[in-house]
file final-v6.cif (mmCIF, C-alpha atoms)
data_structure
loop_
_atom_site.group_PDB
_atom_site.id
_atom_site.type_symbol
_atom_site.label_atom_id
_atom_site.label_comp_id
_atom_site.auth_asym_id
_atom_site.auth_seq_id
_atom_site.Cartn_x
_atom_site.Cartn_y
_atom_site.Cartn_z
ATOM 1 C CA MET A 224 -3.179 -2.094 4.793
ATOM 2 C CA ALA A 225 -1.361 -5.327 5.602
ATOM 3 C CA LEU A 226 1.661 -6.233 3.514
ATOM 4 C CA GLY A 227 2.455 -9.682 2.155
ATOM 5 C CA TRP A 228 5.396 -11.398 0.494
ATOM 6 C CA ARG A 229 4.481 -10.055 -2.950
ATOM 7 C CA ASP A 230 4.717 -6.401 -1.855
ATOM 8 C CA ALA A 231 8.421 -6.238 -2.669
ATOM 9 C CA ARG A 232 8.602 -2.501 -3.391
ATOM 10 C CA ASP A 233 6.859 -1.503 -0.146
ATOM 11 C CA LEU A 234 8.870 -4.001 1.883
ATOM 12 C CA GLY A 235 12.113 -2.776 0.311
ATOM 13 C CA GLU A 236 11.285 0.784 1.314
ATOM 14 C CA LEU A 237 10.496 -0.245 4.886
ATOM 15 C CA LEU A 238 13.676 -2.276 5.172
ATOM 16 C CA HIS A 239 15.696 0.644 3.860
ATOM 17 C CA GLU A 240 14.141 2.937 6.458
ATOM 18 C CA ARG A 241 15.065 0.499 9.226
ATOM 19 C CA TYR A 242 18.516 -0.583 7.966
ATOM 20 C CA ASP A 243 19.560 2.400 5.847
ATOM 21 C CA THR A 244 23.342 1.950 6.207
ATOM 22 C CA LEU A 245 23.354 -1.778 5.454
ATOM 23 C CA ASN A 246 24.065 -2.988 1.919
ATOM 24 C CA PRO A 247 21.136 -5.323 1.220
ATOM 25 C CA LEU A 248 23.292 -7.580 -0.947
ATOM 26 C CA THR A 249 25.244 -8.613 2.168
ATOM 27 C CA VAL A 250 22.123 -9.908 3.956
ATOM 28 C CA ARG A 251 21.469 -13.650 4.101
ATOM 29 C CA PHE A 252 17.976 -14.745 3.096
ATOM 30 C CA THR A 253 17.435 -16.294 6.533
ATOM 31 C CA ASP A 254 18.005 -12.881 8.127
ATOM 32 C CA LEU A 255 15.958 -11.109 5.463
ATOM 33 C CA HIS A 256 13.056 -13.481 6.096
ATOM 34 C CA LYS A 257 13.126 -12.728 9.831
ATOM 35 C CA TRP A 258 13.447 -8.969 9.306
ATOM 36 C CA VAL A 259 10.487 -8.916 6.910
ATOM 37 C CA MET A 260 8.409 -10.935 9.380
ATOM 38 C CA ASP A 261 9.307 -8.373 12.072
ATOM 39 C CA LEU A 262 8.203 -5.329 10.034
ATOM 40 C CA GLU A 263 5.214 -3.434 11.343
ATOM 41 C CA GLY A 264 2.291 -3.968 9.002
ATOM 42 C CA PHE A 265 3.566 -7.262 7.597
ATOM 43 C CA ALA A 266 0.990 -10.032 7.769
ATOM 44 C CA GLY A 267 2.209 -12.709 5.370
ATOM 45 C CA PRO A 268 2.470 -16.283 6.596
ATOM 46 C CA ALA A 269 6.087 -17.382 7.091
ATOM 47 C CA ALA A 270 5.547 -20.503 5.005
ATOM 48 C CA GLU A 271 4.543 -18.514 1.899
ATOM 49 C CA SER A 272 8.037 -17.090 1.508
ATOM 50 C CA ASN A 273 10.421 -18.504 -1.068
ATOM 51 C CA GLU A 274 13.787 -17.631 -2.580
ATOM 52 C CA LYS A 275 12.271 -15.822 -5.574
ATOM 53 C CA LEU A 276 10.116 -13.571 -3.375
ATOM 54 C CA LEU A 277 12.995 -12.855 -0.991
ATOM 55 C CA GLU A 278 15.230 -11.982 -3.922
ATOM 56 C CA GLY A 279 12.606 -9.535 -5.204
ATOM 57 C CA ILE A 280 12.398 -7.885 -1.801
ATOM 58 C CA GLN A 281 16.180 -7.733 -1.555
ATOM 59 C CA MET A 282 16.433 -6.105 -4.998
ATOM 60 C CA ALA A 283 13.765 -3.525 -4.143
ATOM 61 C CA TRP A 284 15.646 -2.719 -0.938
ATOM 62 C CA TYR A 285 18.912 -2.557 -2.897
ATOM 63 C CA GLU A 286 17.418 -0.022 -5.317
ATOM 64 C CA GLU A 287 16.379 2.173 -2.367
ATOM 65 C CA TRP A 288 19.837 1.807 -0.806
ATOM 66 C CA LYS A 289 21.637 2.513 -4.102
ATOM 67 C CA ASP A 290 19.557 5.639 -4.718
ATOM 68 C CA ALA A 291 20.422 6.888 -1.233
ATOM 69 C CA GLN A 292 24.126 6.196 -1.835
ATOM 70 C CA ASP A 293 24.045 8.151 -5.099
ATOM 71 C CA ALA A 294 22.329 11.078 -3.356
ATOM 72 C CA ASP A 295 25.128 11.393 -0.760
#

call {"tool": "encode", "arguments": {"input": "final-v6.cif", "output": "structure tokens"}}
result
Amino acid sequence: MALGWRDARDLGELLHERYDTLNPLTVRFTDLHKWVMDLEGFAGPAAESNEKLLEGIQMAWYEEWKDAQDAD
């Protein structure tokens, strides 16, 4: 199943798996955009991204990261 920009929860989980020690709130949207585009299984067109969608992905990733921090 190919992922797109609206699959924030799935993308957040994948980003957390790849960058598990990085606080997502420190990531610039330009970097986040590139990292999402580089994820295996991502097939969304680059031009369909926007700040609102990137923020949703960042927040989903942050929730994964925060849960992992609380578990430690």

call {"tool": "resolve_selection", "arguments": {"input": "final-v6.cif", "expression": "the PyMOL selection byres ((chain A and resi 272-282) around 8)", "output": "compact mmCIF listing (two decimals) with C-alpha atoms, in the coordinates of the input"}}
result
# COMPACT_ATOMS: atom_id res chain seq x y z
CA TRP A 228 5.40 -11.40 0.49
CA ARG A 229 4.48 -10.06 -2.95
CA ASP A 230 4.72 -6.40 -1.86
CA ALA A 231 8.42 -6.24 -2.67
CA ARG A 232 8.60 -2.50 -3.39
CA LEU A 234 8.87 -4.00 1.88
CA GLY A 235 12.11 -2.78 0.31
CA PRO A 247 21.14 -5.32 1.22
CA LEU A 248 23.29 -7.58 -0.95
CA PHE A 252 17.98 -14.74 3.10
CA LEU A 255 15.96 -11.11 5.46
CA HIS A 256 13.06 -13.48 6.10
CA PRO A 268 2.47 -16.28 6.60
CA ALA A 269 6.09 -17.38 7.09
CA ALA A 270 5.55 -20.50 5.00
CA GLU A 271 4.54 -18.51 1.90
CA ALA A 283 13.76 -3.52 -4.14
CA TRP A 284 15.65 -2.72 -0.94
CA TYR A 285 18.91 -2.56 -2.90
CA GLU A 286 17.42 -0.02 -5.32

call {"tool": "residues_near_point", "arguments": {"input": "final-v6.cif", "point": "(-2.1, -5.2, 5.6)", "cutoff": "9 Å", "atoms": "all atoms listed in the file", "output": "list in words"}}
result
Met224, Ala225, Leu226, Gly227, Gly264, Phe265, Ala266 and Gly267 of chain A

call {"tool": "closest_residue", "arguments": {"input": "final-v6.cif", "among": "A:Glu263, A:Glu240, A:Asp233, A:Asp254", "to": "Ala291 of chain A", "atoms": "all atoms listed in the file"}}
result
A:Glu240

call {"tool": "atom_distance", "arguments": {"input": "final-v6.cif", "atom1": "atom CA of Thr244 of chain A", "atom2": "atom CA of Gln292 of chain A"}}
result
9.1 Å

call {"tool": "atom_distance", "arguments": {"input": "final-v6.cif", "atom1": "atom CA of Thr253 of chain A", "atom2": "atom CA of Asp293 of chain A"}}
result
27.9 Å

call {"tool": "axis_aligned_box", "arguments": {"input": "final-v6.cif", "around": "segment 264-279 of chain A", "padding_each_side": "5 Å", "output": "AutoDock Vina command-line options"}}
result
--center_x 8.1 --center_y -12.2 --center_z 1.7 --size_x 24.2 --size_y 26.5 --size_z 24.6

call {"tool": "atom_distance", "arguments": {"input": "final-v6.cif", "atom1": "atom CA of Glu287 of chain A", "atom2": "atom CA of Glu236 of chain A"}}
result
6.4 Å
